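**Student:** File model-v3.txt follows (compact mmCIF, C-alpha atoms):
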```txt
# COMPACT_ATOMS: atom_id res chain seq x y z
CA MET A 1 -10.50 -6.12 -30.35
CA ASP A 2 -14.10 -5.15 -29.61
CA LYS A 3 -15.14 -1.61 -30.41
CA GLY A 4 -16.00 0.54 -27.40
CA LEU A 5 -19.54 1.55 -26.50
CA LEU A 6 -20.83 5.05 -27.15
CA ILE A 7 -22.73 5.98 -23.98
CA VAL A 8 -24.83 9.14 -23.95
CA VAL A 9 -25.72 10.43 -20.49
CA SER A 10 -28.27 13.17 -19.85
CA ALA A 11 -29.90 14.54 -16.72
CA PRO A 12 -31.51 17.72 -15.49
CA SER A 13 -29.33 20.12 -13.50
CA GLY A 14 -29.02 18.99 -9.88
CA CYS A 15 -29.39 15.24 -10.51
CA GLY A 16 -25.78 14.53 -9.58
CA LYS A 17 -24.75 13.38 -13.05
CA GLY A 18 -21.18 14.68 -12.68
CA THR A 19 -20.73 13.07 -9.26
CA LEU A 20 -22.13 9.76 -10.52
CA LEU A 21 -19.87 9.74 -13.60
CA GLU A 22 -16.81 10.62 -11.52
CA ALA A 23 -17.52 7.73 -9.12
CA ALA A 24 -18.23 5.33 -12.01
CA GLY A 25 -14.97 6.42 -13.68
CA LYS A 26 -13.03 5.11 -10.68
CA ARG A 27 -14.37 1.64 -11.43
CA HIS A 28 -14.48 1.67 -15.26
CA ASP A 29 -12.05 3.11 -17.80
CA PHE A 30 -14.15 5.57 -19.80
CA ALA A 31 -13.06 8.23 -22.20
CA LEU A 32 -15.04 11.38 -21.43
CA SER A 33 -15.86 13.30 -24.57
CA VAL A 34 -14.73 16.93 -24.62
CA SER A 35 -17.17 19.31 -26.30
CA ALA A 36 -16.33 22.16 -28.65
CA THR A 37 -17.72 25.65 -28.09
CA THR A 38 -17.52 29.15 -29.47
CA ARG A 39 -17.84 30.78 -26.06
CA ALA A 40 -14.78 32.36 -24.50
CA PRO A 41 -12.76 30.29 -22.00
CA ARG A 42 -13.51 30.98 -18.34
CA PRO A 43 -10.70 31.33 -15.79
CA GLY A 44 -9.06 27.95 -15.17
CA GLU A 45 -10.52 26.25 -18.25
CA GLN A 46 -8.02 24.46 -20.47
CA GLU A 47 -8.08 23.83 -24.21
CA GLY A 48 -8.80 20.15 -24.93
CA VAL A 49 -9.65 19.43 -21.28
CA SER A 50 -12.60 21.70 -20.47
CA TYR A 51 -13.58 22.35 -24.09
CA TYR A 52 -12.12 22.73 -27.55
CA PHE A 53 -12.46 26.49 -27.98
CA LYS A 54 -13.31 27.45 -31.57
CA THR A 55 -14.10 30.63 -33.45
CA ARG A 56 -17.57 30.79 -34.97
CA GLU A 57 -15.99 30.29 -38.40
CA GLN A 58 -14.04 27.19 -37.25
CA PHE A 59 -17.18 25.74 -35.69
CA GLU A 60 -19.23 26.32 -38.84
CA GLU A 61 -16.47 24.62 -40.86
CA LEU A 62 -16.79 21.58 -38.54
CA ILE A 63 -20.55 21.53 -39.14
CA ALA A 64 -20.08 21.76 -42.93
CA ALA A 65 -17.45 18.99 -42.89
CA ASP A 66 -19.74 16.66 -40.85
CA GLY A 67 -17.14 16.81 -38.09
CA LEU A 68 -19.65 16.84 -35.21
CA LEU A 69 -21.86 14.08 -33.79
CA GLU A 70 -24.27 16.70 -32.49
CA HIS A 71 -24.41 20.44 -32.03
CA ALA A 72 -26.69 23.23 -30.89
CA GLU A 73 -26.64 26.95 -30.46
CA TYR A 74 -27.34 28.17 -26.94
CA VAL A 75 -27.37 31.81 -25.78
CA GLY A 76 -25.50 32.94 -28.90
CA ASN A 77 -22.75 30.29 -28.76
CA TYR A 78 -22.33 26.94 -30.49
CA TYR A 79 -21.71 23.76 -28.51
CA GLY A 80 -21.07 20.34 -30.01
CA THR A 81 -19.31 16.98 -29.87
CA PRO A 82 -16.34 16.57 -32.26
CA ARG A 83 -16.62 13.26 -34.12
CA GLU A 84 -12.90 12.39 -34.56
CA PRO A 85 -11.80 11.93 -30.91
CA VAL A 86 -14.94 9.92 -30.11
CA GLU A 87 -14.45 7.58 -33.06
CA ARG A 88 -10.74 7.19 -32.27
CA HIS A 89 -11.47 6.07 -28.68
CA LEU A 90 -14.25 3.72 -29.80
CA ASN A 91 -11.98 2.12 -32.41
CA GLU A 92 -9.31 1.65 -29.71
CA GLY A 93 -11.88 -0.38 -27.74
CA ARG A 94 -12.57 2.29 -25.08
CA ASP A 95 -16.08 3.17 -24.00
CA VAL A 96 -16.86 6.85 -24.52
CA ILE A 97 -19.26 8.92 -22.45
CA LEU A 98 -21.00 11.92 -23.94
CA GLU A 99 -22.49 14.03 -21.16
CA ILE A 100 -24.95 16.09 -23.19
CA GLU A 101 -28.40 17.65 -23.18
CA VAL A 102 -31.52 15.87 -24.41
CA GLN A 103 -31.58 17.58 -27.84
CA GLY A 104 -27.99 16.53 -28.53
CA ALA A 105 -28.72 13.00 -27.33
CA MET A 106 -31.55 12.68 -29.84
CA GLN A 107 -29.21 13.87 -32.64
CA VAL A 108 -26.59 11.28 -31.61
CA LYS A 109 -29.19 8.48 -31.49
CA LYS A 110 -30.29 9.36 -35.03
CA ARG A 111 -26.70 9.41 -36.33
CA CYS A 112 -25.38 6.51 -34.22
CA PRO A 113 -28.23 4.03 -33.58
CA GLU A 114 -25.80 1.77 -31.67
CA ALA A 115 -25.31 4.49 -29.01
CA VAL A 116 -26.61 3.60 -25.55
CA LEU A 117 -28.69 6.41 -24.03
CA VAL A 118 -28.86 6.63 -20.23
CA PHE A 119 -31.00 9.18 -18.41
CA ILE A 120 -30.15 10.00 -14.79
CA LEU A 121 -33.28 10.67 -12.75
CA PRO A 122 -33.66 12.40 -9.39
CA PRO A 123 -35.63 10.43 -6.78
CA SER A 124 -38.33 13.14 -7.09
CA VAL A 125 -38.78 16.70 -8.28
CA GLU A 126 -38.86 17.81 -4.63
CA THR A 127 -35.46 16.16 -4.01
CA LEU A 128 -34.14 17.93 -7.09
CA ARG A 129 -35.43 21.29 -5.81
CA HIS A 130 -33.82 20.60 -2.40
CA ARG A 131 -30.44 19.70 -4.01
CA LEU A 132 -30.47 22.91 -6.06
CA GLN A 133 -31.31 24.97 -2.95
CA LYS A 134 -28.56 23.22 -0.96
CA ARG A 135 -25.95 24.30 -3.52
CA GLY A 136 -26.61 27.89 -2.47
CA THR A 137 -25.37 29.23 -5.79
CA GLU A 138 -28.61 30.51 -7.36
CA SER A 139 -31.62 32.64 -6.47
CA ALA A 140 -35.01 31.10 -5.70
CA GLU A 141 -36.23 32.35 -9.08
CA VAL A 142 -33.40 30.62 -10.98
CA ILE A 143 -33.95 27.43 -8.98
CA GLU A 144 -37.63 27.41 -9.97
CA GLN A 145 -36.65 27.96 -13.62
CA ARG A 146 -34.28 24.98 -13.39
CA VAL A 147 -36.98 22.83 -11.75
CA LYS A 148 -39.46 23.74 -14.52
CA ALA A 149 -36.84 22.93 -17.17
CA ALA A 150 -36.12 19.64 -15.38
CA GLU A 151 -39.80 18.66 -15.46
CA THR A 152 -39.77 19.12 -19.24
CA GLU A 153 -36.50 17.16 -19.58
CA LEU A 154 -37.83 14.32 -17.38
CA GLU A 155 -40.58 13.73 -19.94
CA MET A 156 -37.81 12.90 -22.46
CA ALA A 157 -36.46 10.05 -20.32
CA ARG A 158 -38.86 7.66 -22.10
CA TYR A 159 -36.81 8.05 -25.31
CA TYR A 160 -33.68 6.73 -23.60
CA ASP A 161 -32.60 3.08 -23.51
CA TYR A 162 -32.09 3.04 -19.74
CA THR A 163 -32.81 5.18 -16.70
CA VAL A 164 -30.87 5.28 -13.44
CA VAL A 165 -32.29 6.89 -10.30
CA ASN A 166 -29.60 8.79 -8.42
CA ASP A 167 -30.88 8.57 -4.85
CA ASP A 168 -28.08 6.60 -3.18
CA LEU A 169 -24.78 7.26 -5.00
CA ASP A 170 -23.27 3.77 -4.52
CA LYS A 171 -26.43 2.08 -5.78
CA ALA A 172 -26.71 4.53 -8.69
CA VAL A 173 -23.09 3.78 -9.71
CA ASP A 174 -23.77 0.03 -9.49
CA ASP A 175 -26.92 0.49 -11.60
CA PHE A 176 -25.08 2.63 -14.16
CA LEU A 177 -22.24 0.11 -14.52
CA GLY A 178 -24.85 -2.67 -14.74
CA VAL A 179 -26.51 -0.83 -17.62
CA ILE A 180 -23.18 -0.68 -19.45
CA GLU A 181 -22.59 -4.39 -18.91
CA ALA A 182 -26.12 -5.18 -20.14
CA ALA A 183 -25.58 -3.01 -23.21
CA ARG A 184 -22.25 -4.73 -23.91
CA GLU A 185 -23.91 -8.16 -23.71
CA LYS A 186 -26.65 -6.96 -26.07
CA VAL A 187 -24.01 -5.83 -28.60
CA ARG A 188 -22.14 -9.14 -28.29
CA GLY A 189 -25.40 -10.99 -28.91
CA ARG A 190 -25.80 -9.18 -32.25
CA LYS A 191 -22.41 -10.36 -33.56
```
Would you mind writing the file out in C-alpha cells?
**Tutor:**
Amino acid sequence: MDKGLLIVVSAPSGCGKGTLLEAAGKRHDFALSVSATTRAPRPGEQEGVSYYFKTREQFEELIAADGLLEHAEYVGNYYGTPREPVERHLNEGRDVILEIEVQGAMQVKKRCPEAVLVFILPPSVETLRHRLQKRGTESAEVIEQRVKAAETELEMARYYDYTVVNDDLDKAVDDFLGVIEAAREKVRGRK
C-alpha cells in the first residue's frame, strides 16, 4: 500500500480556502488534520472534531515529547498539529490535509520535506478586500488589517510547491486536485 500524501494548505483570510477544501473533499477522500490548542472551547466546538483542547501543561509536554509537527503561540494560546493522527492516516494510505498558517507550513516543510505545500491565492487583493467586506462580520478597520496581513502572507507563496488561484470555485477545485495528482506522480517517480 502506498503511503498517503501530506498536503499543507495555506491562504490569507478571505481566500475561500475552507470552501475549496470542502468541495475538493467531496471528490477526494482526505483526512483533515485536527489541531490542538490551549484556548477554551467555544460554544458548539467538539473535542477531537474542532480541536484537541489541551491545558498549557499538556501542550508543553507534547512539545517536549516531539509530539507536534508544528506549533506556535498566538494571542497567549498555543496551537499545533499533533503528529500521531497525521502519521497514522498517512501510513493507512490516506492523504492528509493540514490547513495551517505560513509559519506552521514552513516548520512542517523543514520536518517533513516530502510534504506538498499548496498556497491558495485570491484573484487580486481588491477581490480579497471585497470578499471580506461581503462577509459583513468585521469593521472596516479589521478588514484593512486583514488585507495588510494578506499582502505579507502572499509574499510567502513563492516558498510553496504549488499555487492555486481561487477565482472560479470549480476550476480552483480542479486545479487543486490536479496538483495532488501531479505530486503523487512525482512521488511515484522517486520510488
**Student:** I'd like to know which of A:Ser35, A:Lys134, A:Lys54, A:Glu61 is closest to Val86 of chain A, using only C-alpha atoms.
**Tutor:**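 The closest residue to Val86 of chain A is A:Ser35.
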**Student:** Smallest atom-to-atom distance to Pro82 of chain A: which of A:Val34, A:Leu20, A:Val8, A:Ala64, using only C-alpha atoms?
**Tutor:** A:Val34
**Student:** Using only C-alpha atoms, which residues sit within 12 Å of Val187 of chain A once same-chain residues fewer than 2 positions away are excluded, as a list in words?
**Tutor:**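 What passes the distance filter is Asp2, Lys3, Gly4, Leu5, Leu6, Pro113, Glu114, Ala115, Val116, Ile180, Glu181, Ala182, Ala183, Arg184, Glu185, Gly189, Arg190 and Lys191 of chain A.
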**Student:** Taking into account only C-alpha atoms, which residue in the set A:Lys109, A:Arg135, A:Gln145, A:Arg88 is nearest to Tyr160 of chain A?
**Tutor:**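 Closest to Tyr160 of chain A of all the choices is A:Lys109.
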**Student:** Would you compute the distance between atom CA of Asn77 of chain A and atom CA of Phe119 of chain A? Give it in Å to one decimal.
**Tutor:**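 Between these atoms lies a distance of 24.9 Å.
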**Student:** Return the single residue from A:Ile7, A:Leu177, A:Ala24, A:Gly80 that is closest to Cys112 of chain A, with distances computed using all atoms listed in the file.
**Tutor:** A:Ile7
**Student:** Quick one: pull the distance between atom CA of Glu126 of chain A and atom CA of Pro12 of chain A, Å, one decimal.
**Tutor:**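 Atom CA of Pro12 of chain A lies at a distance of 13.1 Å from atom CA of Glu126 of chain A.
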**Student:** Since the input lacks some atoms of segment 65-92 of chain A, please model N, CA and C atoms and print them as a compact mmCIF listing (two decimals), keeping the file's coordinate frame.
**Tutor:**
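Final file, selection01.txt:
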```txt
# COMPACT_ATOMS: atom_id res chain seq x y z
N ALA A 65 -18.27 20.17 -42.58
CA ALA A 65 -17.45 18.99 -42.89
C ALA A 65 -17.98 17.72 -42.21
N ASP A 66 -19.16 17.79 -41.58
CA ASP A 66 -19.74 16.66 -40.85
C ASP A 66 -18.78 16.16 -39.76
N GLY A 67 -18.12 17.14 -39.12
CA GLY A 67 -17.14 16.81 -38.09
C GLY A 67 -17.70 16.77 -36.67
N LEU A 68 -19.03 16.86 -36.54
CA LEU A 68 -19.65 16.84 -35.21
C LEU A 68 -20.72 15.75 -35.14
N LEU A 69 -20.79 15.06 -34.00
CA LEU A 69 -21.86 14.08 -33.79
C LEU A 69 -23.18 14.77 -33.48
N GLU A 70 -23.09 15.91 -32.83
CA GLU A 70 -24.27 16.70 -32.49
C GLU A 70 -23.81 18.11 -32.22
N HIS A 71 -24.74 19.06 -32.37
CA HIS A 71 -24.41 20.44 -32.03
C HIS A 71 -25.70 21.23 -31.83
N ALA A 72 -25.56 22.33 -31.13
CA ALA A 72 -26.69 23.23 -30.89
C ALA A 72 -26.14 24.62 -30.64
N GLU A 73 -27.01 25.59 -30.81
CA GLU A 73 -26.64 26.95 -30.46
C GLU A 73 -27.43 27.30 -29.20
N TYR A 74 -26.73 27.84 -28.22
CA TYR A 74 -27.34 28.17 -26.94
C TYR A 74 -26.81 29.52 -26.49
N VAL A 75 -27.70 30.46 -26.23
CA VAL A 75 -27.37 31.81 -25.78
C VAL A 75 -26.26 32.43 -26.65
N GLY A 76 -26.42 32.28 -27.98
CA GLY A 76 -25.50 32.94 -28.90
C GLY A 76 -24.19 32.22 -29.14
N ASN A 77 -23.98 31.05 -28.53
CA ASN A 77 -22.75 30.29 -28.76
C ASN A 77 -23.09 28.88 -29.23
N TYR A 78 -22.20 28.33 -30.05
CA TYR A 78 -22.33 26.94 -30.49
C TYR A 78 -21.69 26.03 -29.44
N TYR A 79 -22.27 24.84 -29.31
CA TYR A 79 -21.71 23.76 -28.51
C TYR A 79 -21.88 22.49 -29.33
N GLY A 80 -20.92 21.58 -29.26
CA GLY A 80 -21.07 20.34 -30.01
C GLY A 80 -20.00 19.32 -29.65
N THR A 81 -20.21 18.10 -30.15
CA THR A 81 -19.31 16.98 -29.87
C THR A 81 -18.50 16.65 -31.12
N PRO A 82 -17.18 16.92 -31.11
CA PRO A 82 -16.34 16.57 -32.26
C PRO A 82 -16.34 15.05 -32.49
N ARG A 83 -16.51 14.66 -33.74
CA ARG A 83 -16.62 13.26 -34.12
C ARG A 83 -15.28 12.51 -33.99
N GLU A 84 -14.18 13.11 -34.44
CA GLU A 84 -12.90 12.39 -34.56
C GLU A 84 -12.41 11.79 -33.25
N PRO A 85 -12.32 12.55 -32.13
CA PRO A 85 -11.80 11.93 -30.91
C PRO A 85 -12.70 10.81 -30.38
N VAL A 86 -14.01 10.96 -30.55
CA VAL A 86 -14.94 9.92 -30.11
C VAL A 86 -14.71 8.64 -30.90
N GLU A 87 -14.65 8.76 -32.22
CA GLU A 87 -14.45 7.58 -33.06
C GLU A 87 -13.10 6.92 -32.80
N ARG A 88 -12.07 7.74 -32.55
CA ARG A 88 -10.74 7.19 -32.27
C ARG A 88 -10.78 6.32 -31.01
N HIS A 89 -11.37 6.84 -29.92
CA HIS A 89 -11.47 6.07 -28.68
C HIS A 89 -12.28 4.80 -28.88
N LEU A 90 -13.41 4.89 -29.57
CA LEU A 90 -14.25 3.72 -29.80
C LEU A 90 -13.49 2.65 -30.57
N ASN A 91 -12.75 3.07 -31.60
CA ASN A 91 -11.98 2.12 -32.41
C ASN A 91 -10.83 1.49 -31.63
N GLU A 92 -10.36 2.20 -30.58
CA GLU A 92 -9.31 1.65 -29.71
C GLU A 92 -9.90 0.70 -28.67
```
